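Student: Before I ask anything, let me first share the structure, which is written out below as structure tokens.
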Amino acid sequence: MVQIETHFRCPVFSMKISGKTTQEDTRSYLSEMSKLIGKNENFGLLFDYPEGNLCRERGVIKLETTWFKHYRREFSKQCFGIAIVTKSFFMANVYHHIVQYLAKRTYGCPVNIFETRSDAQRWLMDLYLTPKQ
């Protein structure tokens, strides 16, 4: 499910991902992301994995990679942060620093992992309200 939310004037693209992510789901959320980038405004991303794991249909990663290659410069410029919400112990505690490091290098913005959606929203709000240096 793709859903655009604004929290206290903080533009956040929020996506709740449960079950297997299909190519159709991916095309849908990438289309929404393209529109968001087209507005030329800053935004944050919140990916919520309530089941704790990420399961993708074959071909999804290729769609995402192709899209990101095309939008990389704009994405890195406009995205002020990516928050990942997961119930996975391994993702939240064991792989946390590795995921943070690799994702920041890939996306060009701060990335953090949370166990609750409210903590993720608060972190994104802080990033949005903090002036860039």
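By order in the structure tokens, chains are A, B, ...; within a chain, residues start at 1; ligands start at 1, following the order shown.
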Tell me, as a list of chain:residue names, which residues lie within 9 Å of range 68-80 of chain A, counting only C-alpha atoms; anything in the same chain fewer than 3 positions away does not count.
Tutor: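 Non-adjacent residues within range: A:Ser34, A:Ile37, A:Gly38, A:Asn40, A:Glu41, A:Asn42, A:Phe43, A:Gly44, A:Leu45, A:Leu63, A:Glu64, A:Thr65, A:Tyr107, A:Gly108, A:Cys109, A:Pro110, A:Leu124, A:Leu127, A:Tyr128.
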Student: Store the residues picked out above in a file with all heavy atoms, as a CSV table (one decimal), in the first residue's frame.
Tutor:
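Output below, filename selection.csv:
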```
chain,number,residue,atom,x,y,z
A,34,SER,N,8.2,9.4,-8.2
A,34,SER,CA,8.6,10.2,-9.3
A,34,SER,C,7.8,11.6,-9.2
A,34,SER,O,8.3,12.6,-9.5
A,34,SER,CB,8.3,9.5,-10.6
A,34,SER,OG,9.1,8.4,-10.8
A,37,ILE,N,9.3,13.7,-6.5
A,37,ILE,CA,10.6,14.3,-6.9
A,37,ILE,C,10.3,15.5,-7.9
A,37,ILE,O,10.9,16.5,-7.9
A,37,ILE,CB,11.5,13.3,-7.5
A,37,ILE,CG1,12.1,12.5,-6.3
A,37,ILE,CG2,12.6,13.9,-8.3
A,37,ILE,CD1,13.0,11.3,-6.7
A,38,GLY,N,9.2,15.3,-8.7
A,38,GLY,CA,8.8,16.3,-9.7
A,38,GLY,C,8.4,17.6,-9.1
A,38,GLY,O,8.4,18.6,-9.7
A,40,ASN,N,9.9,19.0,-6.8
A,40,ASN,CA,11.1,19.7,-6.4
A,40,ASN,C,11.1,20.3,-5.0
A,40,ASN,O,11.5,21.4,-4.7
A,40,ASN,CB,11.4,20.8,-7.4
A,40,ASN,CG,12.9,21.2,-7.4
A,40,ASN,OD1,13.8,20.4,-7.0
A,40,ASN,ND2,13.2,22.4,-7.8
A,41,GLU,N,10.5,19.5,-4.1
A,41,GLU,CA,10.5,19.9,-2.6
A,41,GLU,C,11.2,18.8,-1.8
A,41,GLU,O,11.2,17.6,-2.2
A,41,GLU,CB,9.0,20.0,-2.2
A,41,GLU,CG,8.3,21.1,-2.9
A,41,GLU,CD,6.8,21.1,-2.6
A,41,GLU,OE1,6.3,20.2,-1.8
A,41,GLU,OE2,6.1,22.0,-3.0
A,42,ASN,N,11.6,19.2,-0.6
A,42,ASN,CA,12.2,18.2,0.2
A,42,ASN,C,11.2,17.2,0.8
A,42,ASN,O,10.0,17.6,1.0
A,42,ASN,CB,13.0,18.9,1.4
A,42,ASN,CG,14.2,19.6,0.9
A,42,ASN,OD1,14.7,19.4,-0.2
A,42,ASN,ND2,14.6,20.6,1.7
A,43,PHE,N,11.6,16.0,1.0
A,43,PHE,CA,10.7,15.0,1.6
A,43,PHE,C,11.5,14.0,2.4
A,43,PHE,O,12.7,13.8,2.3
A,43,PHE,CB,9.9,14.3,0.5
A,43,PHE,CG,10.8,13.5,-0.5
A,43,PHE,CD1,11.2,12.2,-0.3
A,43,PHE,CD2,11.3,14.2,-1.7
A,43,PHE,CE1,12.1,11.6,-1.2
A,43,PHE,CE2,12.1,13.5,-2.6
A,43,PHE,CZ,12.5,12.2,-2.3
A,44,GLY,N,10.8,13.2,3.2
A,44,GLY,CA,11.4,12.1,4.0
A,44,GLY,C,10.6,10.9,3.6
A,44,GLY,O,9.5,10.9,3.1
A,45,LEU,N,11.3,9.7,3.8
A,45,LEU,CA,10.7,8.4,3.5
A,45,LEU,C,10.5,7.6,4.8
A,45,LEU,O,11.4,7.6,5.6
A,45,LEU,CB,11.5,7.7,2.6
A,45,LEU,CG,11.8,8.3,1.2
A,45,LEU,CD1,12.7,7.4,0.4
A,45,LEU,CD2,10.5,8.4,0.5
A,63,LEU,N,13.6,-3.2,-11.1
A,63,LEU,CA,12.8,-2.0,-11.2
A,63,LEU,C,13.3,-0.9,-10.4
A,63,LEU,O,13.4,0.2,-10.8
A,63,LEU,CB,11.3,-2.3,-10.9
A,63,LEU,CG,10.5,-3.2,-11.9
A,63,LEU,CD1,9.2,-3.5,-11.3
A,63,LEU,CD2,10.3,-2.4,-13.2
A,64,GLU,N,13.6,-1.2,-9.1
A,64,GLU,CA,14.0,-0.2,-8.2
A,64,GLU,C,15.4,0.4,-8.6
A,64,GLU,O,15.6,1.6,-8.5
A,64,GLU,CB,14.1,-0.8,-6.7
A,64,GLU,CG,12.7,-1.1,-6.1
A,64,GLU,CD,12.8,-1.8,-4.8
A,64,GLU,OE1,13.8,-2.5,-4.6
A,64,GLU,OE2,11.8,-1.7,-4.0
A,65,THR,N,16.3,-0.5,-9.0
A,65,THR,CA,17.6,-0.1,-9.4
A,65,THR,C,17.6,0.8,-10.6
A,65,THR,O,18.2,1.9,-10.7
A,65,THR,CB,18.5,-1.3,-9.6
A,65,THR,OG1,18.5,-2.1,-8.4
A,65,THR,CG2,19.9,-0.9,-10.0
A,107,TYR,N,21.9,6.2,-0.9
A,107,TYR,CA,20.9,7.2,-1.1
A,107,TYR,C,21.3,8.6,-0.8
A,107,TYR,O,20.6,9.6,-1.2
A,107,TYR,CB,19.7,6.9,-0.2
A,107,TYR,CG,19.1,5.5,-0.5
A,107,TYR,CD1,19.1,4.5,0.5
A,107,TYR,CD2,18.5,5.3,-1.7
A,107,TYR,CE1,18.6,3.3,0.2
A,107,TYR,CE2,18.0,4.0,-2.0
A,107,TYR,CZ,18.0,3.0,-1.1
A,107,TYR,OH,17.5,1.8,-1.3
A,108,GLY,N,22.4,8.8,-0.2
A,108,GLY,CA,22.9,10.2,0.0
A,108,GLY,C,22.2,11.0,1.1
A,108,GLY,O,22.3,12.2,1.1
A,109,CYS,N,21.5,10.3,2.0
A,109,CYS,CA,20.8,11.0,3.1
A,109,CYS,C,20.9,10.2,4.3
A,109,CYS,O,21.2,9.0,4.2
A,109,CYS,CB,19.4,11.3,2.7
A,109,CYS,SG,18.4,9.9,2.4
A,110,PRO,N,20.6,10.7,5.5
A,110,PRO,CA,20.6,9.9,6.7
A,110,PRO,C,19.6,8.8,6.7
A,110,PRO,O,18.5,9.0,6.1
A,110,PRO,CB,20.3,10.9,7.8
A,110,PRO,CG,20.5,12.3,7.2
A,110,PRO,CD,20.3,12.1,5.8
A,124,LEU,N,12.3,11.9,11.7
A,124,LEU,CA,12.1,12.6,10.4
A,124,LEU,C,11.7,14.0,10.6
A,124,LEU,O,12.2,14.9,9.9
A,124,LEU,CB,11.1,11.9,9.5
A,124,LEU,CG,11.5,10.5,8.9
A,124,LEU,CD1,10.3,9.8,8.3
A,124,LEU,CD2,12.6,10.8,7.9
A,127,LEU,N,14.8,16.0,11.6
A,127,LEU,CA,15.6,16.2,10.4
A,127,LEU,C,15.1,17.3,9.5
A,127,LEU,O,15.8,18.2,9.0
A,127,LEU,CB,15.8,14.9,9.6
A,127,LEU,CG,16.7,13.8,10.1
A,127,LEU,CD1,16.6,12.6,9.2
A,127,LEU,CD2,18.1,14.3,10.3
A,128,TYR,N,13.8,17.3,9.4
A,128,TYR,CA,13.1,18.3,8.5
A,128,TYR,C,13.2,19.7,9.1
A,128,TYR,O,13.5,20.7,8.3
A,128,TYR,CB,11.6,17.9,8.3
A,128,TYR,CG,10.9,18.8,7.4
A,128,TYR,CD1,11.2,18.9,6.1
A,128,TYR,CD2,9.9,19.7,8.0
A,128,TYR,CE1,10.4,19.8,5.3
A,128,TYR,CE2,9.2,20.5,7.1
A,128,TYR,CZ,9.4,20.6,5.8
A,128,TYR,OH,8.8,21.4,5.0
```
Student: Taking the DSSP assignment computed from this structure's backbone, write out as an NGL selection string all residues of range 24-128 of chain A that belong to helix (DSSP H, G or I).
Tutor: :A and (24-38 or 60-78 or 89-94 or 96-107 or 117-128)
Student: Got a sec to tell me which of chain A DSSP assigns to strand (DSSP E or B), as a PyMOL selection string?
Tutor: chain A and resi 2-7+10-16+20-21+43-49+55-56+79-86+111-114
Student: Would you compute the distance between CA of Ile61 in chain A and CA of Glu115 in chain A? Give it in Å to one decimal.
Tutor: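 Going from CA of Ile61 in chain A over to CA of Glu115 in chain A covers 24.4 Å.
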Student: I'd like the neighbourhood of Ser18 in chain A as a PyMOL selection string, where a residue qualifies if any of its atoms comes within 12 Å (using only C-alpha atoms), though same-chain residues fewer than 2 positions away should be ignored.
Tutor: chain A and resi 1-2+15-16+20-22+25+47-56+85-87
Student: Can you list, as a JSON list (two decimals) with C-alpha atoms, in the first residue's frame, every protein, DNA or RNA residue that comes within 8 Å of Phe114 in chain A when you count only C-alpha atoms, leaving out same-chain residues fewer than 5 positions away?
Tutor:
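Everything below was put into out_23.json:
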```
[["chain", "number", "residue", "atom", "x", "y", "z"],
["A", 83, "ALA", "CA", 13.30, 5.87, 8.40],
["A", 84, "ILE", "CA", 12.76, 2.12, 8.43],
["A", 85, "VAL", "CA", 10.34, 0.62, 10.94],
["A", 86, "THR", "CA", 10.69, -3.09, 11.62],
["A", 92, "ALA", "CA", 16.84, -3.41, 14.39],
["A", 119, "ASP", "CA", 9.95, 7.16, 16.89],
["A", 120, "ALA", "CA", 10.57, 7.12, 13.14]]
```
Student: What does the distance between CA of Ile17 in chain A and CA of Met33 in chain A come to in Å, to one decimal place?
Tutor: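 Between these atoms lies a distance of 15.3 Å.
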Student: Closest to Ser118 in chain A among A:Leu46, A:Tyr29, A:Cys10, A:Glu24, using only C-alpha atoms?
Tutor: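 Of A:Leu46, A:Tyr29, A:Cys10, A:Glu24, the one nearest Ser118 in chain A, counting only C-alpha atoms, is A:Leu46.
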Student: As an exercise, work out the distance from CA of His97 in chain A to CA of Asp126 in chain A in Å and give it to one decimal place.
Tutor: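 Separation between CA of His97 in chain A and CA of Asp126 in chain A: 20.1 Å.
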